[in-house]
Each structure stands twice: as structure tokens, then as C-alpha cells.
Amino acid sequence: MPVVRNPQFYFKEGFCWNDVNTIYLKCRVKGKSINDVKSMSMYTLTNIVPKNCIISLINSTFISEYVNNFVNNTQTFQINDARQIPIIIPSKNQLEGFKVIFENAYRIKKDQFANNIAEEKANKLLVSLQKNLDGLVKELYSV
């Protein structure tokens with residue numbers, strides 16, 4: 001008889017990324033579903049740093065380069081690697097900035113998948129958001 005391990009993590013919302021990646025990590029919202037061995041899934045246990053902020057941080061160029069240089073420079077990025085990312089708690093203004101960037105990127109991708117916006121236009125808009133995100137992350141991690 002099969003054994004279900006850690007049932008508290010099934011059908012729970014969180015965030016995830018592919019096990020195999022390039023230098024630039026790409027994290028996304030994980031809807032309520034089962035877990036898969038090739039998609040790393042994590043869940044927040046507190047609202048101190050909301051999941052939209054964590055997803056945005058992982059999608060930043062700074063965190064991707066940090067992981068590549070100091071955590072794991074192989075083609076895989078797994079749960080224990082993600083646990084080594086230093087998360088600085090943003091100010092309320094910074095949290096709002098992350099929220100706006102996340103919501104705009106989410107809307108653009110949703111519109112692209114619904115064929116309401118062309119892929120080229122979506123990519124152009126996302127490049128602009130990436131620059132804004134990278135600036136916000138640079139401000140957060142500059143001490």
C-alpha cells in the first residue's frame with residue numbers, strides 16, 4: 001500500500017521553479033496541486049515577507065548571480081539551495097514596490113497566455129519590469 005508523506009504540503013499554494021535552470025532563476029506562483037520531483041516547491045510560513053516578494057526576489061538578477069557565485073553554480077537549483085538565500089525584510093514602501101512589479105508581471109503573462117497580448121510585446125514589457133525589479137533589489141541589498 002502506498003504511503004503519502006507530508007500530506008500537509010499537498011494542494012497548498014506557494015511558489016515553485018524548475019529543477020534545471022540557466023544562470024537566471026525563474027520562479028512562479030504554484031497553485032493548489034500535488035508536488036512534482038522536477039518542480040521545486042516552497043511555501044511561506046509567515047506573512048512578514050509575502051510570497052509575491054519572495055518570487056520577485058528569486059526572479060531578480062542579483063539573487064540569480066548570488067546563487068550562481070555563492071550557493072550552487074550547477075544547472076540545478078533545489079530546495080536546500082533556496083534556503084541559503086539571504087532574505088532582507090523590506091520596508092513597507094519596498095514591499096509595495098515588489099507587489100506592484102509582481103502584479104504587473106503576473107497580469108502581462110496572464111494576458112500573453114490568453115492571447116490578449118503578443119509574445120513580443122509581453123517580452124518588451126517584462127524587460128522593463130525586470131529593470132525596475134533589479135533596481136529595487138539593488139536598493140534593498142545595498143547597505
# chains A, B, ... in the order shown; residues from 1 in each chain; ligands from 1
>>> residues_around(residues="Gln130 in chain A", least_positions_apart="5", cutoff="10 Å", atoms="only C-alpha atoms", output="number ranges by chain")
A: 56, 59-61, 101, 105, 124-125, 135-136
>>> select_by_dssp(residues="range 32-137 of chain A", states="helix (DSSP H, G or I)", output="PyMOL selection string")
chain A and resi 51-58+61-71+79-82+92-113+119-137
>>> atom_distance(atom1="CA of Pro86 in chain A", atom2="CA of Thr22 in chain A")
20.3 Å
>>> residues_around(residues="Phe102 in chain A", least_positions_apart="3", cutoff="12 Å", atoms="only C-alpha atoms", output="PDB file with N, CA and C atoms, in the first residue's frame")
ATOM      1  N   CYS A  27      11.125  31.942 -11.016  1.00  0.00           N
ATOM      2  CA  CYS A  27      10.204  31.446 -10.011  1.00  0.00           C
ATOM      3  C   CYS A  27       8.792  31.883 -10.395  1.00  0.00           C
ATOM      4  N   ARG A  28       7.797  31.107  -9.989  1.00  0.00           N
ATOM      5  CA  ARG A  28       6.416  31.425 -10.338  1.00  0.00           C
ATOM      6  C   ARG A  28       5.475  30.990  -9.223  1.00  0.00           C
ATOM      7  N   VAL A  29       4.250  31.456  -9.318  1.00  0.00           N
ATOM      8  CA  VAL A  29       3.210  31.079  -8.367  1.00  0.00           C
ATOM      9  C   VAL A  29       2.874  29.610  -8.583  1.00  0.00           C
ATOM     10  N   PRO A  50       5.838  38.566   2.083  1.00  0.00           N
ATOM     11  CA  PRO A  50       4.820  37.859   1.302  1.00  0.00           C
ATOM     12  C   PRO A  50       5.411  37.089   0.137  1.00  0.00           C
ATOM     13  N   LYS A  51       4.660  36.097  -0.332  1.00  0.00           N
ATOM     14  CA  LYS A  51       5.169  35.245  -1.403  1.00  0.00           C
ATOM     15  C   LYS A  51       5.439  36.037  -2.677  1.00  0.00           C
ATOM     16  N   ASN A  52       4.668  37.102  -2.966  1.00  0.00           N
ATOM     17  CA  ASN A  52       4.952  37.879  -4.179  1.00  0.00           C
ATOM     18  C   ASN A  52       6.329  38.532  -4.108  1.00  0.00           C
ATOM     19  N   CYS A  53       6.757  38.887  -2.905  1.00  0.00           N
ATOM     20  CA  CYS A  53       8.085  39.486  -2.724  1.00  0.00           C
ATOM     21  C   CYS A  53       9.173  38.427  -2.892  1.00  0.00           C
ATOM     22  N   ILE A  54       8.967  37.252  -2.323  1.00  0.00           N
ATOM     23  CA  ILE A  54       9.965  36.178  -2.448  1.00  0.00           C
ATOM     24  C   ILE A  54      10.103  35.747  -3.905  1.00  0.00           C
ATOM     25  N   ILE A  55       8.974  35.611  -4.608  1.00  0.00           N
ATOM     26  CA  ILE A  55       9.011  35.257  -6.026  1.00  0.00           C
ATOM     27  C   ILE A  55       9.789  36.327  -6.797  1.00  0.00           C
ATOM     28  N   SER A  56       9.515  37.579  -6.504  1.00  0.00           N
ATOM     29  CA  SER A  56      10.216  38.674  -7.175  1.00  0.00           C
ATOM     30  C   SER A  56      11.711  38.636  -6.881  1.00  0.00           C
ATOM     31  N   LEU A  57      12.069  38.403  -5.621  1.00  0.00           N
ATOM     32  CA  LEU A  57      13.490  38.327  -5.264  1.00  0.00           C
ATOM     33  C   LEU A  57      14.194  37.223  -6.038  1.00  0.00           C
ATOM     34  N   ILE A  58      13.590  36.031  -6.075  1.00  0.00           N
ATOM     35  CA  ILE A  58      14.214  34.907  -6.779  1.00  0.00           C
ATOM     36  C   ILE A  58      14.348  35.219  -8.266  1.00  0.00           C
ATOM     37  N   ASN A  59      13.417  35.984  -8.819  1.00  0.00           N
ATOM     38  CA  ASN A  59      13.468  36.340 -10.240  1.00  0.00           C
ATOM     39  C   ASN A  59      14.434  37.483 -10.543  1.00  0.00           C
ATOM     40  N   SER A  60      15.045  38.062  -9.528  1.00  0.00           N
ATOM     41  CA  SER A  60      15.961  39.176  -9.757  1.00  0.00           C
ATOM     42  C   SER A  60      17.319  38.690 -10.250  1.00  0.00           C
ATOM     43  N   LEU A  95       8.036  46.788   0.034  1.00  0.00           N
ATOM     44  CA  LEU A  95       7.052  45.713  -0.154  1.00  0.00           C
ATOM     45  C   LEU A  95       6.010  46.111  -1.183  1.00  0.00           C
ATOM     46  N   GLU A  96       5.573  47.352  -1.112  1.00  0.00           N
ATOM     47  CA  GLU A  96       4.581  47.836  -2.088  1.00  0.00           C
ATOM     48  C   GLU A  96       5.179  47.838  -3.491  1.00  0.00           C
ATOM     49  N   GLY A  97       6.445  48.218  -3.609  1.00  0.00           N
ATOM     50  CA  GLY A  97       7.118  48.193  -4.912  1.00  0.00           C
ATOM     51  C   GLY A  97       7.192  46.785  -5.481  1.00  0.00           C
ATOM     52  N   PHE A  98       7.544  45.814  -4.643  1.00  0.00           N
ATOM     53  CA  PHE A  98       7.586  44.417  -5.082  1.00  0.00           C
ATOM     54  C   PHE A  98       6.200  43.944  -5.510  1.00  0.00           C
ATOM     55  N   LYS A  99       5.192  44.342  -4.751  1.00  0.00           N
ATOM     56  CA  LYS A  99       3.814  43.932  -5.057  1.00  0.00           C
ATOM     57  C   LYS A  99       3.380  44.469  -6.414  1.00  0.00           C
ATOM     58  N   ALA A 105       3.736  41.977 -13.734  1.00  0.00           N
ATOM     59  CA  ALA A 105       4.311  40.840 -14.465  1.00  0.00           C
ATOM     60  C   ALA A 105       3.295  39.706 -14.574  1.00  0.00           C
ATOM     61  N   TYR A 106       2.574  39.451 -13.500  1.00  0.00           N
ATOM     62  CA  TYR A 106       1.563  38.388 -13.487  1.00  0.00           C
ATOM     63  C   TYR A 106       0.468  38.691 -14.512  1.00  0.00           C
ATOM     64  N   ARG A 107       0.013  39.941 -14.549  1.00  0.00           N
ATOM     65  CA  ARG A 107      -1.028  40.352 -15.500  1.00  0.00           C
ATOM     66  C   ARG A 107      -0.536  40.214 -16.938  1.00  0.00           C
ATOM     67  N   ILE A 108       0.702  40.621 -17.193  1.00  0.00           N
ATOM     68  CA  ILE A 108       1.264  40.525 -18.542  1.00  0.00           C
ATOM     69  C   ILE A 108       1.316  39.065 -18.994  1.00  0.00           C
ATOM     70  N   LYS A 109       1.810  38.187 -18.138  1.00  0.00           N
ATOM     71  CA  LYS A 109       1.901  36.769 -18.505  1.00  0.00           C
ATOM     72  C   LYS A 109       0.516  36.152 -18.690  1.00  0.00           C
ATOM     73  N   LEU A 126       8.017  42.996 -20.043  1.00  0.00           N
ATOM     74  CA  LEU A 126       8.677  42.271 -18.958  1.00  0.00           C
ATOM     75  C   LEU A 126      10.128  42.699 -18.784  1.00  0.00           C
ATOM     76  N   LEU A 129       9.980  45.743 -16.681  1.00  0.00           N
ATOM     77  CA  LEU A 129       9.707  45.376 -15.283  1.00  0.00           C
ATOM     78  C   LEU A 129      10.936  44.759 -14.622  1.00  0.00           C
ATOM     79  N   GLN A 130      11.699  43.961 -15.384  1.00  0.00           N
ATOM     80  CA  GLN A 130      12.913  43.341 -14.840  1.00  0.00           C
ATOM     81  C   GLN A 130      13.902  44.413 -14.408  1.00  0.00           C
ATOM     82  N   ASN A 132      13.154  47.449 -13.411  1.00  0.00           N
ATOM     83  CA  ASN A 132      12.609  48.036 -12.183  1.00  0.00           C
ATOM     84  C   ASN A 132      12.846  47.121 -10.994  1.00  0.00           C
ATOM     85  N   LEU A 133      12.614  45.829 -11.192  1.00  0.00           N
ATOM     86  CA  LEU A 133      12.830  44.852 -10.129  1.00  0.00           C
ATOM     87  C   LEU A 133      14.292  44.840  -9.706  1.00  0.00           C
TER      88      LEU A 133
END
>>> atom_distance(atom1="CA of Glu119 in chain A", atom2="CA of Lys138 in chain A")
27.8 Å
>>> closest_residue(among="A:Ala118, A:Val127, A:Ile23, A:Val4", to="Gln75 in chain A", atoms="only C-alpha atoms")
A:Ile23
>>> select_by_dssp(residues="chain A", states="strand (DSSP E or B)", output="list in words")
Gly14, Phe15, Cys16, Trp17, Asn18, Val20, Cys27, Arg28, Val29, Lys30, Asp36, Ser39, Met40, Ser41, Met42 and Thr76 of chain A
>>> write_last_selection(atoms="C-alpha atoms", output="compact mmCIF listing (two decimals), in the first residue's frame")
# COMPACT_ATOMS: atom_id res chain seq x y z
CA GLY A 14 3.10 28.55 -2.73
CA PHE A 15 5.79 29.20 -5.30
CA CYS A 16 7.96 26.96 -7.44
CA TRP A 17 10.68 26.79 -10.06
CA ASN A 18 12.09 24.15 -12.39
CA VAL A 20 17.02 22.52 -14.07
CA CYS A 27 10.20 31.45 -10.01
CA ARG A 28 6.42 31.42 -10.34
CA VAL A 29 3.21 31.08 -8.37
CA LYS A 30 2.27 27.49 -7.56
CA ASP A 36 6.46 17.02 -8.72
CA SER A 39 9.47 21.34 -9.88
CA MET A 40 10.83 22.59 -6.58
CA SER A 41 8.02 23.94 -4.38
CA MET A 42 8.19 26.13 -1.29
CA THR A 76 20.14 22.67 -10.68
